[in-house]
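Engineer: Sharing a structure, written as structure tokens. Questions coming.
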Amino acid sequence: MLKLSVELPRNKFVISVNMNIPENRIYCLYGPSAAGKSSILSVIAGFERGYQAVRLELDGDLLALQSAATKSPVFVPAWRRRIAYLTQATPLFPHLTVEENITYGIKAGRIKSGASQAQSPSGSSLLLVKELVQRMDLHPYLGNRPRQLSGGLIQRVALARALATSPRVLLLDEPFSALDWATRREMQDLLLEFQQRLGMSVVLVTHQLEEAQRMANEIGILDEGRLLQEGDAQTLMDAPISWRVARLLGYRQCIGTANHCFALHPERVALSAMADAPAATDVPQATAAPDVPHITAATDITQATEMGQVRETQGITLRGEVLSTCLHGGRWSAKIHFGLPPGWVRLRDDTALYSGTEGEPPAAKDFVMEVDLPPAHSIAAGRKVEGHFLQIPEVRV
Amino acid sequence: MNEFFSDAPEASAAGYGRRPASIGHWTVALIAILCASFLLLPLVALLFHVQWQGLLAVWRQQGLSSLGLSLYSALVSMVVIVIFGTPLGWVMARGHTRLWRTVEYLMLIPLLMPPLVLGLLLIYFYGPYGVVGQLLAHVHLSATNTLLAVIMAQIYEAIPYYVFSAQGAFQQIDEIHERISWSLGVSPWRTFRRITLPLAVPGLTVGLMMAFARAVGAFGAVIVVAYYPHTLPISVWIALQEQGLPSALPLALLLLIISLPLPLIAVLWRRRHA
């Protein structure tokens with residue numbers, strides 16, 4: 001459990017937050033640029049000491065304590081906290097090879113947890129390094145210098161280097177925002193995998209809603225140094241507590257009275273009581289475009305799947321089981337398990353897949369892919385479709 | 001100051017490529033070439049005027065002992081300069097308080113002070129009637145006309161060059177490297193040894209070589225505090241005074257050969273690996 005409460009003056013506002021992050025969870029700080037997100041990470045990491053008051057506790061250890069009332073302030077320095085830190089452009093140590101970079105923490109760091117103190121680096125930590133290297137496909141680059149690597153690769157090595165020390169908490173400051181779409185997905189999956197395997201808390205800072213929704217168990221919306229609302233992705237999207245929050249979540253219009261407000265997203269509707277909603281007169285009735293359907297009932301799922309069949313025009317429609325769903329901005333994306341028909345398959349994004357080897361009679365193959373659901377599905381589907389079968393017309397053979 | 005010492009690779013001129021040659025362009029080129037020749041021609045002239053036949057003889061007769069002294073004292077100075085100058089350069093680069101900013105500006109004074117004035121100050125402070133000089137006398141040491149005096153004068157002339165180079169070298173290393181190292185559980189001292197220092201070594205080497213050239217060639221301060229024993233620059237001066245240019249030139253050439261190559265190599269090596 002990571003507990004933080006801090007008062008940290010910045011140029012234009014004072015960051016004042018109170019956060020509790022349970023063990024083994026991914027907590028995401030989401031908000032616009034310059035909202036104070038990175039400063040909070042710096043406080044947790046132990047780099048920032050310009051606070052007026054702080055109380056930081058990790059699994060019962062007091063890491064930092066300072067306030068006007070405290071007589072004996074506490075400050076555990078960064079190198080004794082076992083809190084790793086990764087930013088958007090984390091540099092590797094340029095004079096070390098990839099391998100030396102990854103093993104740097106376990107070889108140079110003397111401060112270990114009580115359990116691993118007896119072991120030399122040749123013990124479990126080297127095993128972890130081996131696993132990280134293998135899982136992240138870093139074998140071919142172990143002898144390379146950082147300047148020979150691409151940006152995505154550097155970030156992968158930096159992640160491996162941070163994970164190799166098996167930190168209690170991993171702090172991520174927009175770690176993947178400089179990467180291309182596919183690499184970002186890959187890194188996110190690697191992170192999720194190792195977070196679960198190593199069992200650590202993660203604090204992720206991002207200004208991308210999709211990333212927050214995909215990664216986080218809990219999202220805290222931060223603006224101008226204040227936590228406006230905390231909750232899981234679904235709760236936030238369904239019931240933003242204020243118009244300010246709704247806007248940060250991508251809602252564009254608010255229709256209604258001050259007490260109740262329909263917030264309109266390009267792909268969503270939320271009905272919520274928002275105290276700070278603009279007066280109804282501000283929004284001309286004409287722009288309250290009624291082509292946004294307001295349905296969220298579970299019964300609509302069948303309707304939606306049928307719509308998919310109806311819209312199908314060419315090729316065959318794949319029928320797959322929805323393994324999990326995840327908010328993606330205002331839409332939903334779903335992990336769908338298909339039994340691929342034999343032969344070549346061409347997907348909408350022009351990825352070519354081949355199930356079965358050439359020359360042999362092709363066999364059906366299991367295949368899981370992530371698909372952004374079209375709006376019609378999105379509104380109907382939501383989280384309720386898990387375990388149901390869904391047909392995606394956009395995936396064609 | 002730091003731009004000069006940090007030896008950063010020049011900004012790319014790609015944006016200025018292929019301008020049409022104009023009169024102004026040629027004028028600038030001409031002035032630049034004139035200036036470069038102005039700086040280099042005397043050296044070429046020296047190479048032409050030295051009498052190569054008697055060179056070795058002159059070196060053996062007059063140069064050897066003072067050369068040995070110059071090298072020995074410069075080496076000792078270098079050791080002292082590295083030990084004391086590196087921490088100062090580091091705090092000037094990393095210390096963000098007003099104290100260290102002030103120290104940085106104050107360090108410009110010894111750097112810019114004329115060596116002759118520096119020598120007078122040294123005599124005043126370390127000489128037989130100076131504050132520290134009297135303390136030294138208690139332990140039977142003297143900082144005038146001794147090896148100690150030579151070394152002290154060399155350190156005073158050379159250390160600012162090393163300190164500012166070290167500052168530049170440390171400043172070029174992004175502090176994020178140190179923070180990341182801490183977050184991986186590595187203490188500041190180990191971080192300095194394993195990350196900061198190795199990354200700073202090229203810059204420190206250039207600074208040290210510059211300081212070495214200054215120390216070997218130190219004259220103004222040295223001649224005031226230590227006419228004896230003769231270092232190489234002072235031997236050059238004496239030869240010029242007593243025997244004239246023909247016997248001074250070979251010694252001057254020897255001084256060049258000793259003090260120039262190391263800094264040149266260090267700078268070229270740094271450029272290559274920047």
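If you're wondering about the labels, chains in the structure tokens are A, B, ... by order shown, residues count from 1 in each chain, ligands from 1 in order shown.
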Write down as a VMD selection string the residues belonging to range 60-249 of chain B that are assigned alpha helix (DSSP H) by DSSP computed on the backbone.

Structural biologist: chain B and resid 64 to 94 98 to 106 108 to 112 115 to 126 131 to 138 147 to 171 175 to 183 188 to 191 197 to 217 220 to 225 232 to 242 245 to 249

Engineer: Write out as a PyMOL selection string which residues come within 12 Å of His140 in chain B when counting only C-alpha atoms, dropping same-chain ones fewer than 6 positions away.

Structural biologist: chain B and resi 128+133-134

Engineer: Do you know which residues are at most 10 Å from Phe13 in chain A counting only C-alpha atoms, after dropping those on the same chain fewer than 6 positions away, and could you put them as an mmCIF file with all heavy atoms, in the first residue's frame?

Structural biologist:
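Just written: selection_4.cif:
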data_model
loop_
_atom_site.group_PDB
_atom_site.id
_atom_site.type_symbol
_atom_site.label_atom_id
_atom_site.label_comp_id
_atom_site.auth_asym_id
_atom_site.auth_seq_id
_atom_site.Cartn_x
_atom_site.Cartn_y
_atom_site.Cartn_z
ATOM 1 N N ALA A 35 -0.302 19.671 -15.201
ATOM 2 C CA ALA A 35 -1.290 19.573 -14.134
ATOM 3 C C ALA A 35 -0.621 19.217 -12.822
ATOM 4 O O ALA A 35 -1.261 19.211 -11.783
ATOM 5 C CB ALA A 35 -2.343 18.522 -14.489
ATOM 6 N N GLY A 36 0.672 18.910 -12.869
ATOM 7 C CA GLY A 36 1.393 18.541 -11.655
ATOM 8 C C GLY A 36 1.644 17.052 -11.537
ATOM 9 O O GLY A 36 2.090 16.586 -10.499
ATOM 10 N N GLU A 224 -4.563 21.060 -12.364
ATOM 11 C CA GLU A 224 -4.044 22.153 -11.542
ATOM 12 C C GLU A 224 -3.771 21.723 -10.111
ATOM 13 O O GLU A 224 -4.115 22.398 -9.151
ATOM 14 C CB GLU A 224 -5.008 23.333 -11.583
ATOM 15 C CG GLU A 224 -5.129 23.886 -12.992
ATOM 16 C CD GLU A 224 -5.828 25.231 -13.042
ATOM 17 O OE1 GLU A 224 -6.618 25.505 -12.127
ATOM 18 O OE2 GLU A 224 -5.557 25.978 -13.972
ATOM 19 N N GLY A 225 -3.149 20.557 -9.987
ATOM 20 C CA GLY A 225 -2.683 20.125 -8.683
ATOM 21 C C GLY A 225 -3.724 19.477 -7.787
ATOM 22 O O GLY A 225 -3.433 19.151 -6.657
ATOM 23 N N ARG A 226 -4.963 19.320 -8.273
ATOM 24 C CA ARG A 226 -6.000 18.696 -7.448
ATOM 25 C C ARG A 226 -6.480 17.407 -8.105
ATOM 26 O O ARG A 226 -6.636 17.348 -9.321
ATOM 27 C CB ARG A 226 -7.227 19.613 -7.311
ATOM 28 C CG ARG A 226 -6.910 20.988 -6.827
ATOM 29 C CD ARG A 226 -6.767 20.995 -5.333
ATOM 30 N NE ARG A 226 -5.948 22.145 -4.949
ATOM 31 C CZ ARG A 226 -6.019 22.735 -3.771
ATOM 32 N NH1 ARG A 226 -6.846 22.286 -2.869
ATOM 33 N NH2 ARG A 226 -5.241 23.760 -3.492
#

Engineer: Compute the chain B side of the contact with chain A at 9 Å, counting only C-alpha atoms, and hand it back as a VMD selection string.

Structural biologist: chain B and resid 176 to 177 179 to 188 190 to 191 194 to 195 198 to 199

Engineer: I'd like the contact shell of Ile109 in chain B - 12 Å cut-off, only C-alpha atoms, skipping same-chain residues fewer than 6 positions apart - returned as number ranges by chain.

Structural biologist: B: 102-103, 115, 117-118, 156-157, 159-161

Engineer: So that I can check the surroundings of range 72-87 of chain B, please list as a list of chain:residue names every protein, DNA and RNA residue that reaches within 7 Å of it, counting only C-alpha atoms and ignoring chain neighbours fewer than 3 positions away.

Structural biologist: B:Gly68, B:Leu69, B:Trp90, B:Val91, B:Val150, B:Ile151, B:Gln154, B:Ile155, B:Ile159, B:Tyr162, B:Val163, B:Ala166, B:Phe212, B:Ala215, B:Val216

Engineer: Could you pull out all residues of range 51-243 of chain A with a DSSP call of strand (DSSP E or B) and give them as number ranges by chain?

Structural biologist: A: 53-58, 61-66, 74-75, 83-87, 169-173, 201-206, 218-223, 226-231

Engineer: Would you work out the distance separating CA of Leu251 in chain B from CA of Pro110 in chain B, expressed in Å to one decimal?

Structural biologist: 28.3 Å
